[in-house]
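Here is the structure we will look at.
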Amino acid sequence: MDMGLCKRMDIDKIKLAVVGLGYVGMPIALAFSKKVRTIGFDIDKKKIRKYLGGEDPTREVGDEAIRNSLIDFTWKEDKLKEANFIIVAVPTPVNGDKTPDLSPIIRACEILFYTPCTASWLLSPDCHGQQKNE
Ligand SMILES: NC(=O)c1ccc[n+]([C@@H]2O[C@H](COP(=O)([O-])OP(=O)(O)OC[C@H]3O[C@@H](n4cnc5c(N)ncnc54)[C@H](O)[C@@H]3O)[C@@H](O)[C@H]2O)c1
């Protein structure tokens, strides 16, 4: 993250969203939620319901950390419009023919396209050559 940009912004005005709350996204969301208002977004409603119920299905951060966190968990895309920074940590599975399945990244980018945030970061790997070709 560009810390210079954050320093120039009033911290109370920052709202971060993490898109994809798996093994990577959940610990990131938890760490940021200790400093700034944080939305935790995932398309998996069952997973979000578990987080809302104080359960950590990834076992990365533990139930207690989820229960004590201030993360605003949601599966509603509209909520992302409140965020001015977005971190994307969706999966990048591999197809049967060993090509990367970019559909989760494409779906996440489609959601971001309609979200007027200040900046977004894609943590998912770039799948060598795909950014150039797709
Ligand atoms: N696990 C690791 O050690 C590791 C390390 C470095 C990088 N990465 C990369 O980080 C990314 C995430 O990995 P992970 O292990 O957290 O995956 P994961 O499968 O544990 O979690 C991904 C989450 O994203 C959600 N998701 C899928 N499509 C979505 C969409 N369009 N919008 C919102 N949520 C969506 C899934 O429901 C899931 O909860 C991958 O691209 C992976 O390659 C993982």
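Residues are referred to by chain and number: the chain letter is A, B, ... according to the order shown in the structure tokens, the number counts from 1 in that chain, and ligands are numbered separately from 1 in the order shown.
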**Q.** Test item: residues lying within 8 Å of ligand 1 with only C-alpha atoms and all ligand atoms, as a ChimeraX atom specification
**A.** /A:19-26,41-44,47,58,75,88-93,103-109,111,123-125
Q: Identify, on the basis of only C-alpha atoms, every residue whose closest approach to Arg37 of chain A does not exceed 10 Å; exclude the query and any residue fewer than 2 positions from it along the same chain; express the result as a PyMOL selection string.
A: chain A and resi 11-17+29+32-35+39+70-72+83
Q | In segment 7-84 of chain A, DSSP strand (DSSP E or B) residues written as a count of residues only | A | 13
Q: Using atom CA of Pro27 of chain A and atom CA of Asp101 of chain A as the two end points, give the distance in Å to one decimal.
A: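 Atom CA of Asp101 of chain A lies 24.1 Å from atom CA of Pro27 of chain A.
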Q | DSSP helix (DSSP H, G or I) residues within chain A, as an NGL selection string | A | :A and (3-8 or 11-13 or 25-33 or 45-52 or 63-68 or 77-82 or 103-113 or 130-133)
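The closest residue to Gly53 of chain A, picked from A:Val36, A:Leu112, A:Ile66, A:Leu122 and counting only C-alpha atoms, is A:Ile66.
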Q.
Excluding Ala65 of chain A and its own-chain neighbours fewer than 6 positions away, which residues fall within 10 Å of it when counting only C-alpha atoms? Please give them as a list in words.
A. Pro27, Leu30, Gly54, Glu55 and Asp56 of chain A
Q: Choose the residue, out of A:Ile86, A:Lys45, A:Asp78, A:Tyr51, that has the smallest atom-to-atom separation from Ile28 of chain A; count only C-alpha atoms.
A: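 Residue with the minimum atom-to-atom distance to Ile28 of chain A: A:Ile86.
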Q: Between atom CA of Leu80 of chain A and atom CA of Asp63 of chain A, measure the distance and give it in Å to one decimal.
A: 24.4 Å
Q) Any idea what the distance is between atom CA of Phe85 of chain A and atom CA of Pro100 of chain A? A)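 Computed distance, atom CA of Phe85 of chain A to atom CA of Pro100 of chain A, equals 26.5 Å.
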